[in-house]
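> Sharing model-v5.cif below, mmCIF, C-alpha atoms and all ligand atoms:
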data_protein
loop_
_atom_site.label_atom_id
_atom_site.label_comp_id
_atom_site.auth_asym_id
_atom_site.auth_seq_id
_atom_site.Cartn_x
_atom_site.Cartn_y
_atom_site.Cartn_z
CA MET A 21 -42.14 16.96 -17.78
CA SER A 22 -41.41 13.45 -18.94
CA ARG A 23 -39.02 11.16 -17.14
CA ARG A 24 -36.59 11.50 -19.97
CA ASP A 25 -36.67 15.31 -19.80
CA ARG A 26 -36.12 15.24 -16.03
CA GLY A 27 -33.15 12.98 -16.63
CA SER A 28 -31.56 15.46 -18.99
CA VAL A 29 -32.17 18.36 -16.56
CA TRP A 30 -30.25 16.45 -13.89
CA ARG A 31 -27.56 15.59 -16.35
CA PHE A 32 -27.06 19.30 -16.79
CA LEU A 33 -27.58 20.42 -13.17
CA LEU A 34 -25.23 17.94 -11.50
CA PRO A 35 -22.05 18.95 -13.36
CA VAL A 36 -22.94 22.66 -13.09
CA GLY A 37 -23.51 22.28 -9.33
CA PHE A 38 -20.26 20.38 -9.00
CA LEU A 39 -18.30 23.01 -10.95
CA ALA A 40 -19.81 25.83 -8.87
CA PHE A 41 -18.84 24.02 -5.66
CA THR A 42 -15.30 23.45 -6.95
CA ALA A 43 -15.00 27.11 -7.98
CA ALA A 44 -16.15 28.20 -4.50
CA THR A 45 -13.56 25.90 -2.88
CA VAL A 46 -10.75 27.22 -5.08
CA ALA A 47 -11.79 30.82 -4.31
CA ALA A 48 -11.83 30.05 -0.56
CA VAL A 49 -8.25 28.75 -0.78
CA LEU A 50 -7.00 31.59 -3.00
CA PHE A 51 -8.57 34.61 -1.36
CA LYS A 52 -8.35 33.87 2.34
CA ASP A 53 -5.27 33.13 4.38
CA TRP A 54 -6.33 30.25 6.62
CA MET A 55 -3.05 29.82 8.48
CA PRO A 56 -1.63 32.04 11.24
CA PRO A 57 1.37 34.17 10.12
CA VAL A 58 4.58 32.10 9.98
CA ALA A 59 6.97 32.72 12.87
CA SER A 60 9.69 30.12 12.26
CA GLU A 61 12.40 29.60 9.64
CA HIS A 62 11.16 26.27 8.31
CA GLY A 63 7.50 27.39 8.45
CA LYS A 64 7.51 28.93 4.96
CA GLY A 65 8.65 25.60 3.54
CA VAL A 66 5.75 23.80 5.23
CA ASP A 67 3.33 26.34 3.77
CA GLY A 68 4.92 25.79 0.35
CA MET A 69 4.36 22.05 0.75
CA ILE A 70 0.71 22.58 1.70
CA THR A 71 0.21 24.81 -1.36
CA TYR A 72 1.93 22.27 -3.61
CA ILE A 73 -0.23 19.40 -2.34
CA LEU A 74 -3.43 21.49 -2.60
CA CYS A 75 -2.63 22.57 -6.17
CA ALA A 76 -1.50 19.13 -7.35
CA ALA A 77 -4.42 17.27 -5.78
CA GLY A 78 -6.86 20.03 -6.79
CA LEU A 79 -5.77 20.04 -10.44
CA ILE A 80 -5.93 16.24 -10.68
CA PHE A 81 -9.35 16.29 -9.01
CA VAL A 82 -10.76 18.91 -11.38
CA ALA A 83 -9.19 17.35 -14.49
CA GLY A 84 -10.50 13.91 -13.50
CA HIS A 85 -14.00 15.22 -12.98
CA LEU A 86 -14.03 17.20 -16.21
CA LEU A 87 -13.11 13.98 -18.00
CA LEU A 88 -15.87 12.18 -16.12
CA ALA A 89 -18.37 14.90 -17.13
CA LYS A 90 -17.30 14.48 -20.75
CA PHE A 91 -17.96 10.73 -20.55
CA ILE A 92 -21.37 11.32 -18.95
CA PHE A 93 -22.41 13.75 -21.69
CA THR A 94 -21.08 11.84 -24.66
CA SER A 95 -22.01 8.28 -23.66
CA GLY A 96 -25.55 9.26 -22.63
CA ALA A 97 -26.38 10.88 -25.97
CA ASP A 98 -28.77 9.17 -28.38
CA ASP A 99 -26.17 9.08 -31.13
CA ALA A 100 -23.37 7.84 -28.82
CA PRO A 101 -21.18 5.18 -30.44
CA ALA A 102 -21.71 1.61 -29.24
CA TYR A 103 -19.37 0.30 -26.51
CA LYS A 104 -16.18 -1.10 -27.88
CA PRO A 105 -13.40 -2.68 -25.74
CA ILE A 106 -10.21 -0.62 -25.86
CA GLY A 107 -7.77 -3.52 -26.02
CA ASN A 108 -4.98 -4.71 -23.72
CA LYS A 109 -2.33 -2.31 -24.93
CA ALA A 110 -4.43 0.79 -24.33
CA GLU A 111 -5.50 -0.52 -20.94
CA MET A 112 -1.86 -1.01 -19.93
CA LEU A 113 -1.08 2.51 -21.10
CA PHE A 114 -3.96 4.01 -19.12
CA THR A 115 -2.83 2.13 -16.01
CA ILE A 116 0.91 2.69 -16.13
CA GLY A 117 0.73 6.28 -17.43
CA PRO A 118 -1.28 7.74 -14.51
CA THR A 119 0.75 5.66 -12.00
CA ILE A 120 4.01 7.20 -13.24
CA PHE A 121 2.39 10.64 -13.35
CA ILE A 122 1.23 10.43 -9.71
CA LEU A 123 4.61 9.03 -8.59
CA LEU A 124 6.38 11.94 -10.28
CA ILE A 125 4.12 14.49 -8.62
CA SER A 126 4.65 13.02 -5.16
CA GLU A 127 8.40 12.48 -5.61
CA ILE A 128 8.92 16.04 -6.85
CA GLY A 129 7.15 17.24 -3.68
CA VAL A 130 9.22 14.99 -1.42
CA LEU A 131 12.60 15.67 -3.03
CA PHE A 132 12.40 19.39 -3.72
CA ILE A 133 10.09 20.68 -0.98
CA GLY A 134 9.87 18.02 1.75
CA ASN A 135 13.55 17.02 2.08
CA PRO A 136 14.93 20.52 2.74
CA ILE A 137 12.30 21.05 5.48
CA TRP A 138 13.11 17.63 6.97
CA GLY A 139 16.78 18.66 7.01
CA GLN A 140 15.93 21.80 8.99
CA VAL A 141 13.60 20.09 11.47
CA PHE A 142 15.81 17.07 12.22
CA LYS A 143 19.27 18.61 11.87
CA GLU A 144 21.69 17.75 14.69
CA ASP A 145 23.81 20.74 15.58
CA PRO A 146 25.67 20.90 18.91
CA GLU A 147 25.43 24.70 18.74
CA ASP A 148 21.63 24.59 19.09
CA PHE A 149 19.96 25.42 22.38
CA GLN A 150 18.54 22.38 24.13
CA ILE A 151 15.10 22.54 25.69
CA GLU A 152 12.88 19.76 26.94
CA VAL A 153 9.11 19.85 26.74
CA ILE A 154 7.06 17.60 28.99
CA ALA A 155 3.49 16.74 28.05
CA LYS A 156 1.04 15.52 30.65
CA GLN A 157 -2.72 15.51 30.98
CA PHE A 158 -3.51 18.41 30.43
CA GLU A 159 -0.59 20.80 30.38
CA TRP A 160 2.86 21.56 28.98
CA ILE A 161 5.98 21.97 31.08
CA ALA A 162 9.22 23.47 29.81
CA HIS A 163 12.48 22.09 31.24
CA TYR A 164 15.79 23.87 30.56
CA PRO A 165 19.17 22.27 31.29
CA GLY A 166 20.45 25.30 33.22
CA ARG A 167 24.03 26.62 33.33
CA ASP A 168 25.69 23.18 33.15
CA GLY A 169 23.91 22.53 29.83
CA LYS A 170 22.76 19.11 31.05
CA PHE A 171 19.26 17.93 31.78
CA GLY A 172 18.91 16.37 35.20
CA PRO A 173 17.44 12.87 35.08
CA PHE A 174 13.87 12.34 36.18
CA ARG A 175 12.44 9.78 38.55
CA MET A 176 8.72 9.33 38.22
CA GLU A 177 8.40 8.54 41.95
CA LYS A 178 9.72 12.05 42.72
CA TYR A 179 6.79 13.57 40.87
CA ASP A 180 4.67 15.98 42.79
CA GLU A 181 1.73 17.84 41.31
CA VAL A 182 2.71 21.05 43.13
CA ASP A 183 6.37 20.91 44.14
CA ASN A 184 8.05 18.77 41.51
CA ILE A 185 6.05 18.80 38.34
CA ALA A 186 9.04 17.73 36.21
CA ALA A 187 9.84 14.80 38.58
CA LEU A 188 13.45 15.98 38.96
CA TRP A 189 15.81 14.27 41.33
CA LYS A 190 17.25 16.59 43.93
CA LYS A 191 20.27 14.39 44.73
CA ASP A 192 21.49 14.55 41.16
CA LYS A 193 23.86 17.48 40.69
CA GLU A 194 22.78 18.01 37.07
CA SER A 195 19.23 18.67 38.24
CA ARG A 196 20.05 21.48 40.63
CA ASP A 197 20.42 24.33 38.15
CA ASP A 198 17.68 23.08 35.79
CA LEU A 199 14.82 25.46 35.10
CA VAL A 200 11.23 24.30 35.10
CA VAL A 201 8.48 26.51 33.73
CA ARG A 202 4.88 25.41 33.89
CA GLY A 203 2.52 26.38 31.09
CA LYS A 204 5.00 28.57 29.21
CA LEU A 205 7.80 27.94 26.74
CA ILE A 206 10.28 30.80 26.62
CA LEU A 207 12.40 30.85 23.48
CA PRO A 208 15.10 32.99 21.86
CA ALA A 209 14.46 34.65 18.49
CA GLY A 210 16.84 33.84 15.66
CA LYS A 211 18.55 30.90 17.37
CA ALA A 212 17.95 27.23 16.60
CA CYS A 213 16.37 25.23 19.44
CA GLN A 214 16.41 21.46 19.72
CA ILE A 215 13.26 20.39 21.50
CA ARG A 216 13.30 17.04 23.25
CA ILE A 217 9.76 15.89 23.96
CA LYS A 218 8.49 13.36 26.46
CA SER A 219 5.14 12.41 27.92
CA PHE A 220 4.33 11.51 31.51
CA ASP A 221 1.13 9.65 30.69
CA VAL A 222 -0.51 9.13 27.29
CA LEU A 223 0.13 10.17 23.68
CA HIS A 224 0.07 13.92 23.07
CA SER A 225 1.27 16.02 20.18
CA PHE A 226 3.38 19.13 20.56
CA ASN A 227 1.96 21.66 18.14
CA ILE A 228 2.93 25.30 17.63
CA PRO A 229 0.72 26.38 14.71
CA ALA A 230 2.63 29.63 14.10
CA PHE A 231 5.90 27.65 13.75
CA ARG A 232 4.26 24.90 11.65
CA THR A 233 5.69 22.51 14.22
CA LYS A 234 3.96 19.29 15.19
CA GLN A 235 5.57 16.31 16.87
CA ASP A 236 4.07 13.47 18.90
CA ALA A 237 4.90 13.12 22.59
CA VAL A 238 5.15 9.40 23.23
CA PRO A 239 5.29 7.85 26.72
CA GLY A 240 8.51 5.90 27.29
CA ILE A 241 10.64 7.51 24.59
CA TYR A 242 12.01 10.90 23.63
CA THR A 243 10.91 12.43 20.37
CA LYS A 244 12.43 15.59 18.99
CA THR A 245 11.90 18.54 16.76
CA ARG A 246 13.85 21.66 15.93
CA PHE A 247 13.02 25.19 14.91
CA VAL A 248 14.31 28.73 14.71
CA ALA A 249 11.73 31.22 15.98
CA THR A 250 11.99 34.32 13.81
CA THR A 251 9.79 36.94 15.44
CA PRO A 252 9.59 37.93 19.12
CA GLY A 253 6.03 37.75 20.42
CA ASP A 254 3.48 35.45 21.98
CA TYR A 255 2.25 32.27 20.32
CA GLU A 256 0.41 29.17 21.39
CA ILE A 257 1.22 25.53 22.00
CA ALA A 258 -1.73 23.26 21.43
CA CYS A 259 -2.07 19.53 21.87
CA ALA A 260 -2.78 17.94 18.49
CA GLU A 261 -3.54 14.42 19.68
CA ILE A 262 -6.76 13.59 21.49
CA CYS A 263 -5.48 12.71 24.94
CA GLY A 264 -8.49 12.71 27.26
CA VAL A 265 -11.52 14.73 28.31
CA ASN A 266 -9.65 18.00 28.71
CA HIS A 267 -7.59 17.66 25.53
CA TYR A 268 -9.23 20.79 24.13
CA LYS A 269 -7.76 22.93 26.90
CA MET A 270 -4.26 21.48 26.82
CA LYS A 271 -2.57 24.71 25.78
CA ALA A 272 0.42 26.77 26.81
CA LYS A 273 1.97 30.05 25.89
CA VAL A 274 5.08 30.41 23.76
CA GLN A 275 7.03 33.56 24.46
CA VAL A 276 9.74 34.41 21.95
CA LEU A 277 12.23 36.93 23.35
CA PRO A 278 15.05 38.79 21.60
CA LEU A 279 18.26 36.78 22.12
CA GLU A 280 19.84 39.13 24.72
CA LYS A 281 16.66 39.19 26.77
CA TYR A 282 16.46 35.40 26.63
CA MET A 283 20.08 35.00 27.74
CA LYS A 284 19.45 37.42 30.59
CA TRP A 285 16.40 35.45 31.69
CA LEU A 286 18.41 32.19 31.61
CA GLU A 287 21.16 33.78 33.71
CA GLU A 288 18.89 35.30 36.32
CA GLU A 289 16.32 32.59 36.78
CA PRO A 290 17.21 30.49 39.87
CA GLY A 291 17.65 26.76 39.32
CA PHE A 292 14.89 24.38 40.38
CA PHE A 293 16.71 23.23 43.53
CA GLU A 294 18.64 26.42 44.24
CU CU A 301 -2.61 16.21 25.08
#
What does this structure look like when you write it as structure tokens?


Amino acid sequence: MSRRDRGSVWRFLLPVGFLAFTAATVAAVLFKDWMPPVASEHGKGVDGMITYILCAAGLIFVAGHLLLAKFIFTSGADDAPAYKPIGNKAEMLFTIGPTIFILLISEIGVLFIGNPIWGQVFKEDPEDFQIEVIAKQFEWIAHYPGRDGKFGPFRMEKYDEVDNIAALWKKDKESRDDLVVRGKLILPAGKACQIRIKSFDVLHSFNIPAFRTKQDAVPGIYTKTRFVATTPGDYEIACAEICGVNHYKMKAKVQVLPLEKYMKWLEEEPGFFE
């Protein structure tokens, strides 16, 4: 086989291989559900956003490569026309056109899919239940305000690995009825929860895959997120920010209870200093 013949075999094989790989990728996305079932109200919107981004980026990717394949085939042919500059006007058009096209695609995603989800996740509603989540190497601690509805303040010097994991301050009257649960976040179904997140050491990220919730825990400040859990059951919190050698095992359970059961648990559970 001459060098020239080998060249034309590759010219054929490369695009075919590429198209086969693309087809396999598209099939993998279409025919398998890669995400855990959604268990929060805003979760479906997040999935919609992921689908939109995958489709938009995928279509642009495939279209761009088909165009590239066309150029490879036509410009490599023996009877291909000689190179001819396209002129300033056409160059402007081919620069501004795709820029506007990409801007439109991203803005449509932001305005029509992203903004409504943002509104759900960062809505401020005094009716929502307030829960605090504490991240520390390598565990999650849930802190509930108790019957007074107020979180007791924390003093880092009060921290004790066994007896006072949330570093609550006994002298403060708001702390007394607070609930502290280690390694488990108990939630009501069908009721919006505002989650206030803090970290006792390094950066972590509060991630409940089934809720499509992910929010950084940043030392020194409070971050927040909000969700409505839809389905009673057990889920998982994972840490989504590499935070040290045991990052991979920084997990906790999420237990979503029917509202009455949750209210009963809140009522009956003794406060941290009671
Ligand atoms: Cu972590």

> When distances are computed from all atoms listed in the file, which of A:Lys269, A:Gln275, A:Asn135, A:Asp168 shows the smallest separation from Gly253 (chain A)?

A:Gln275

> For ligand CU 301 (chain A), collect every residue having any atom at a distance of at most 7 Å from a ligand atom (counting all atoms listed in the file); output as a PDB file with C-alpha atoms, in the coordinates of the input.


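Saved file result26.pdb follows:
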ATOM      1  CA  ALA A 155       3.490  16.740  28.050  1.00  0.00           C
ATOM      2  CA  LYS A 156       1.040  15.520  30.650  1.00  0.00           C
ATOM      3  CA  GLN A 157      -2.720  15.510  30.980  1.00  0.00           C
ATOM      4  CA  PHE A 158      -3.510  18.410  30.430  1.00  0.00           C
ATOM      5  CA  LEU A 223       0.130  10.170  23.680  1.00  0.00           C
ATOM      6  CA  HIS A 224       0.070  13.920  23.070  1.00  0.00           C
ATOM      7  CA  SER A 225       1.270  16.020  20.180  1.00  0.00           C
ATOM      8  CA  CYS A 259      -2.070  19.530  21.870  1.00  0.00           C
ATOM      9  CA  ALA A 260      -2.780  17.940  18.490  1.00  0.00           C
ATOM     10  CA  GLU A 261      -3.540  14.420  19.680  1.00  0.00           C
ATOM     11  CA  ILE A 262      -6.760  13.590  21.490  1.00  0.00           C
ATOM     12  CA  CYS A 263      -5.480  12.710  24.940  1.00  0.00           C
ATOM     13  CA  HIS A 267      -7.590  17.660  25.530  1.00  0.00           C
ATOM     14  CA  MET A 270      -4.260  21.480  26.820  1.00  0.00           C
TER      15      MET A 270
END

> Need the shell around Asp67 (chain A): protein/DNA/RNA residues with any atom at most 9 Å away, counting only C-alpha atoms. Skip same-chain ones fewer than 3 positions apart. Format as a PyMOL selection string?

chain A and resi 55+58+63-64+70-72+232

> How would the residues just chosen look if you wrote them out with C-alpha atoms as a PDB file, keeping the file's coordinate frame?


ATOM      1  CA  MET A  55      -3.050  29.820   8.480  1.00  0.00           C
ATOM      2  CA  VAL A  58       4.580  32.100   9.980  1.00  0.00           C
ATOM      3  CA  GLY A  63       7.500  27.390   8.450  1.00  0.00           C
ATOM      4  CA  LYS A  64       7.510  28.930   4.960  1.00  0.00           C
ATOM      5  CA  ILE A  70       0.710  22.580   1.700  1.00  0.00           C
ATOM      6  CA  THR A  71       0.210  24.810  -1.360  1.00  0.00           C
ATOM      7  CA  TYR A  72       1.930  22.270  -3.610  1.00  0.00           C
ATOM      8  CA  ARG A 232       4.260  24.900  11.650  1.00  0.00           C
TER       9      ARG A 232
END

> Have a look at CA of Pro278 (chain A) and CA of Phe292 (chain A) and let me know their distance in Å, one decimal.

23.7 Å

> For CA of Thr42 (chain A) and CA of Phe93 (chain A), quote the distance in Å rounded to one decimal.

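Value for the CA of Thr42 (chain A)-CA of Phe93 (chain A) distance: 19.0 Å.
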
> Which distance in Å separates CA of His85 (chain A) and CA of Val66 (chain A), to one decimal?

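Atom-to-atom, CA of His85 (chain A) to CA of Val66 (chain A), that is 28.2 Å.
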
> Let me make sure I understand: among A:Gly264, A:Gly169, A:Gly291, A:Pro105, which one has the smallest atom-to-atom distance to Val200 (chain A) if we use only C-alpha atoms?

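Nearest to Val200 (chain A): A:Gly291.
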
> For the interface of region 218-260 of chain A with region 136-148 of chain A (cut-off 9 Å, counting only C-alpha atoms), please tabulate each contacting residue of region 218-260 of chain A alongside its nearest pair of atoms and their separation in Å to one decimal, rows sorted by chain and increasing number, as CSV.


residue,atom,partner,partner_atom,distance
A:Thr233,CA,A:Val141,CA,8.7
A:Lys244,CA,A:Phe142,CA,7.7
A:Thr245,CA,A:Val141,CA,5.8
A:Arg246,CA,A:Val141,CA,4.7
A:Phe247,CA,A:Val141,CA,6.2

> Residues as selected, C-alpha atoms, written as a JSON list (two decimals), in the frame of the given file, can you do that?


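Listed below is the output, selection_17.json:
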[["chain", "number", "residue", "atom", "x", "y", "z"],
["A", 233, "THR", "CA", 5.69, 22.51, 14.22],
["A", 244, "LYS", "CA", 12.43, 15.59, 18.99],
["A", 245, "THR", "CA", 11.90, 18.54, 16.76],
["A", 246, "ARG", "CA", 13.85, 21.66, 15.93],
["A", 247, "PHE", "CA", 13.02, 25.19, 14.91]]

> I'd like to know which of A:Pro239, A:Val265, A:Ile133, A:Glu294 is closest to Glu194 (chain A), using only C-alpha atoms.

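The shortest atom-to-atom distance to Glu194 (chain A) comes from A:Glu294.
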
> Go through A:Trp54, A:Trp189, A:Trp160, A:Phe114 one by one, measure the shortest atom-to-atom distance of each to Gly172 (chain A) using all atoms listed in the file, and give the residue with the smallest value.

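Closest candidate: A:Trp189.
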
> Using all atoms listed in the file, find the one residue out of A:Val153, A:Met283, A:Val49, A:Ala209 that sits nearest to Gln235 (chain A).

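The closest residue to Gln235 (chain A) is A:Val153.
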
> Between A:Tyr255, A:Glu61, A:Leu74, A:Leu86, which one has atoms that come closest to Leu39 (chain A), using all atoms listed in the file?

A:Leu86

> Kindly complete region 82-103 of chain A to N, CA, C and O atoms; the output should be written as a PDB file, keeping the file's coordinate frame.


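result04.pdb was written with the following content:
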ATOM      1  N   VAL A  82      -9.927  18.192 -10.407  1.00  0.00           N
ATOM      2  CA  VAL A  82     -10.760  18.910 -11.380  1.00  0.00           C
ATOM      3  C   VAL A  82     -10.631  18.267 -12.759  1.00  0.00           C
ATOM      4  O   VAL A  82     -11.643  18.013 -13.434  1.00  0.00           O
ATOM      5  N   ALA A  83      -9.386  17.959 -13.167  1.00  0.00           N
ATOM      6  CA  ALA A  83      -9.190  17.350 -14.490  1.00  0.00           C
ATOM      7  C   ALA A  83      -9.937  16.016 -14.575  1.00  0.00           C
ATOM      8  O   ALA A  83     -10.621  15.730 -15.563  1.00  0.00           O
ATOM      9  N   GLY A  84      -9.828  15.210 -13.517  1.00  0.00           N
ATOM     10  CA  GLY A  84     -10.500  13.910 -13.500  1.00  0.00           C
ATOM     11  C   GLY A  84     -12.005  14.052 -13.624  1.00  0.00           C
ATOM     12  O   GLY A  84     -12.659  13.309 -14.369  1.00  0.00           O
ATOM     13  N   HIS A  85     -12.549  15.050 -12.939  1.00  0.00           N
ATOM     14  CA  HIS A  85     -14.000  15.220 -12.980  1.00  0.00           C
ATOM     15  C   HIS A  85     -14.489  15.829 -14.294  1.00  0.00           C
ATOM     16  O   HIS A  85     -15.580  15.513 -14.754  1.00  0.00           O
ATOM     17  N   LEU A  86     -13.651  16.681 -14.892  1.00  0.00           N
ATOM     18  CA  LEU A  86     -14.030  17.200 -16.210  1.00  0.00           C
ATOM     19  C   LEU A  86     -14.107  16.058 -17.220  1.00  0.00           C
ATOM     20  O   LEU A  86     -15.028  15.960 -18.037  1.00  0.00           O
ATOM     21  N   LEU A  87     -13.132  15.151 -17.124  1.00  0.00           N
ATOM     22  CA  LEU A  87     -13.110  13.980 -18.000  1.00  0.00           C
ATOM     23  C   LEU A  87     -14.357  13.125 -17.760  1.00  0.00           C
ATOM     24  O   LEU A  87     -15.016  12.663 -18.703  1.00  0.00           O
ATOM     25  N   LEU A  88     -14.684  12.962 -16.488  1.00  0.00           N
ATOM     26  CA  LEU A  88     -15.870  12.180 -16.120  1.00  0.00           C
ATOM     27  C   LEU A  88     -17.128  12.836 -16.700  1.00  0.00           C
ATOM     28  O   LEU A  88     -17.994  12.159 -17.283  1.00  0.00           O
ATOM     29  N   ALA A  89     -17.209  14.181 -16.598  1.00  0.00           N
ATOM     30  CA  ALA A  89     -18.370  14.900 -17.130  1.00  0.00           C
ATOM     31  C   ALA A  89     -18.472  14.681 -18.638  1.00  0.00           C
ATOM     32  O   ALA A  89     -19.552  14.463 -19.182  1.00  0.00           O
ATOM     33  N   LYS A  90     -17.310  14.708 -19.290  1.00  0.00           N
ATOM     34  CA  LYS A  90     -17.300  14.480 -20.750  1.00  0.00           C
ATOM     35  C   LYS A  90     -17.884  13.105 -21.063  1.00  0.00           C
ATOM     36  O   LYS A  90     -18.720  12.960 -21.962  1.00  0.00           O
ATOM     37  N   PHE A  91     -17.456  12.091 -20.308  1.00  0.00           N
ATOM     38  CA  PHE A  91     -17.960  10.730 -20.550  1.00  0.00           C
ATOM     39  C   PHE A  91     -19.472  10.673 -20.332  1.00  0.00           C
ATOM     40  O   PHE A  91     -20.199  10.050 -21.100  1.00  0.00           O
ATOM     41  N   ILE A  92     -19.937  11.352 -19.240  1.00  0.00           N
ATOM     42  CA  ILE A  92     -21.370  11.320 -18.950  1.00  0.00           C
ATOM     43  C   ILE A  92     -22.152  11.933 -20.113  1.00  0.00           C
ATOM     44  O   ILE A  92     -23.132  11.370 -20.586  1.00  0.00           O
ATOM     45  N   PHE A  93     -21.681  13.075 -20.616  1.00  0.00           N
ATOM     46  CA  PHE A  93     -22.410  13.750 -21.690  1.00  0.00           C
ATOM     47  C   PHE A  93     -22.378  12.949 -22.987  1.00  0.00           C
ATOM     48  O   PHE A  93     -23.391  12.786 -23.643  1.00  0.00           O
ATOM     49  N   THR A  94     -21.182  12.467 -23.335  1.00  0.00           N
ATOM     50  CA  THR A  94     -21.080  11.840 -24.660  1.00  0.00           C
ATOM     51  C   THR A  94     -21.708  10.442 -24.666  1.00  0.00           C
ATOM     52  O   THR A  94     -22.407  10.076 -25.605  1.00  0.00           O
ATOM     53  N   SER A  95     -21.510   9.665 -23.597  1.00  0.00           N
ATOM     54  CA  SER A  95     -22.010   8.280 -23.660  1.00  0.00           C
ATOM     55  C   SER A  95     -23.519   8.214 -23.455  1.00  0.00           C
ATOM     56  O   SER A  95     -24.159   7.247 -23.826  1.00  0.00           O
ATOM     57  N   GLY A  96     -24.109   9.285 -22.864  1.00  0.00           N
ATOM     58  CA  GLY A  96     -25.550   9.260 -22.630  1.00  0.00           C
ATOM     59  C   GLY A  96     -26.340   9.732 -23.849  1.00  0.00           C
ATOM     60  O   GLY A  96     -27.555   9.595 -23.895  1.00  0.00           O
ATOM     61  N   ALA A  97     -25.657  10.309 -24.829  1.00  0.00           N
ATOM     62  CA  ALA A  97     -26.380  10.880 -25.970  1.00  0.00           C
ATOM     63  C   ALA A  97     -27.001   9.778 -26.831  1.00  0.00           C
ATOM     64  O   ALA A  97     -26.544   8.641 -26.826  1.00  0.00           O
ATOM     65  N   ASP A  98     -28.068  10.162 -27.539  1.00  0.00           N
ATOM     66  CA  ASP A  98     -28.770   9.170 -28.380  1.00  0.00           C
ATOM     67  C   ASP A  98     -27.866   8.624 -29.480  1.00  0.00           C
ATOM     68  O   ASP A  98     -27.946   7.465 -29.845  1.00  0.00           O
ATOM     69  N   ASP A  99     -27.003   9.523 -30.010  1.00  0.00           N
ATOM     70  CA  ASP A  99     -26.170   9.080 -31.130  1.00  0.00           C
ATOM     71  C   ASP A  99     -24.776   8.618 -30.658  1.00  0.00           C
ATOM     72  O   ASP A  99     -23.829   8.604 -31.428  1.00  0.00           O
ATOM     73  N   ALA A 100     -24.669   8.278 -29.342  1.00  0.00           N
ATOM     74  CA  ALA A 100     -23.370   7.840 -28.820  1.00  0.00           C
ATOM     75  C   ALA A 100     -22.942   6.538 -29.510  1.00  0.00           C
ATOM     76  O   ALA A 100     -23.779   5.691 -29.795  1.00  0.00           O
ATOM     77  N   PRO A 101     -21.634   6.422 -29.789  1.00  0.00           N
ATOM     78  CA  PRO A 101     -21.180   5.180 -30.440  1.00  0.00           C
ATOM     79  C   PRO A 101     -21.353   3.978 -29.490  1.00  0.00           C
ATOM     80  O   PRO A 101     -21.313   4.149 -28.273  1.00  0.00           O
ATOM     81  N   ALA A 102     -21.532   2.815 -30.056  1.00  0.00           N
ATOM     82  CA  ALA A 102     -21.710   1.610 -29.240  1.00  0.00           C
ATOM     83  C   ALA A 102     -20.426   1.302 -28.482  1.00  0.00           C
ATOM     84  O   ALA A 102     -19.322   1.661 -28.929  1.00  0.00           O
ATOM     85  N   TYR A 103     -20.548   0.651 -27.324  1.00  0.00           N
ATOM     86  CA  TYR A 103     -19.370   0.300 -26.510  1.00  0.00           C
ATOM     87  C   TYR A 103     -18.431  -0.616 -27.276  1.00  0.00           C
ATOM     88  O   TYR A 103     -18.858  -1.565 -27.926  1.00  0.00           O
TER      89      TYR A 103
END
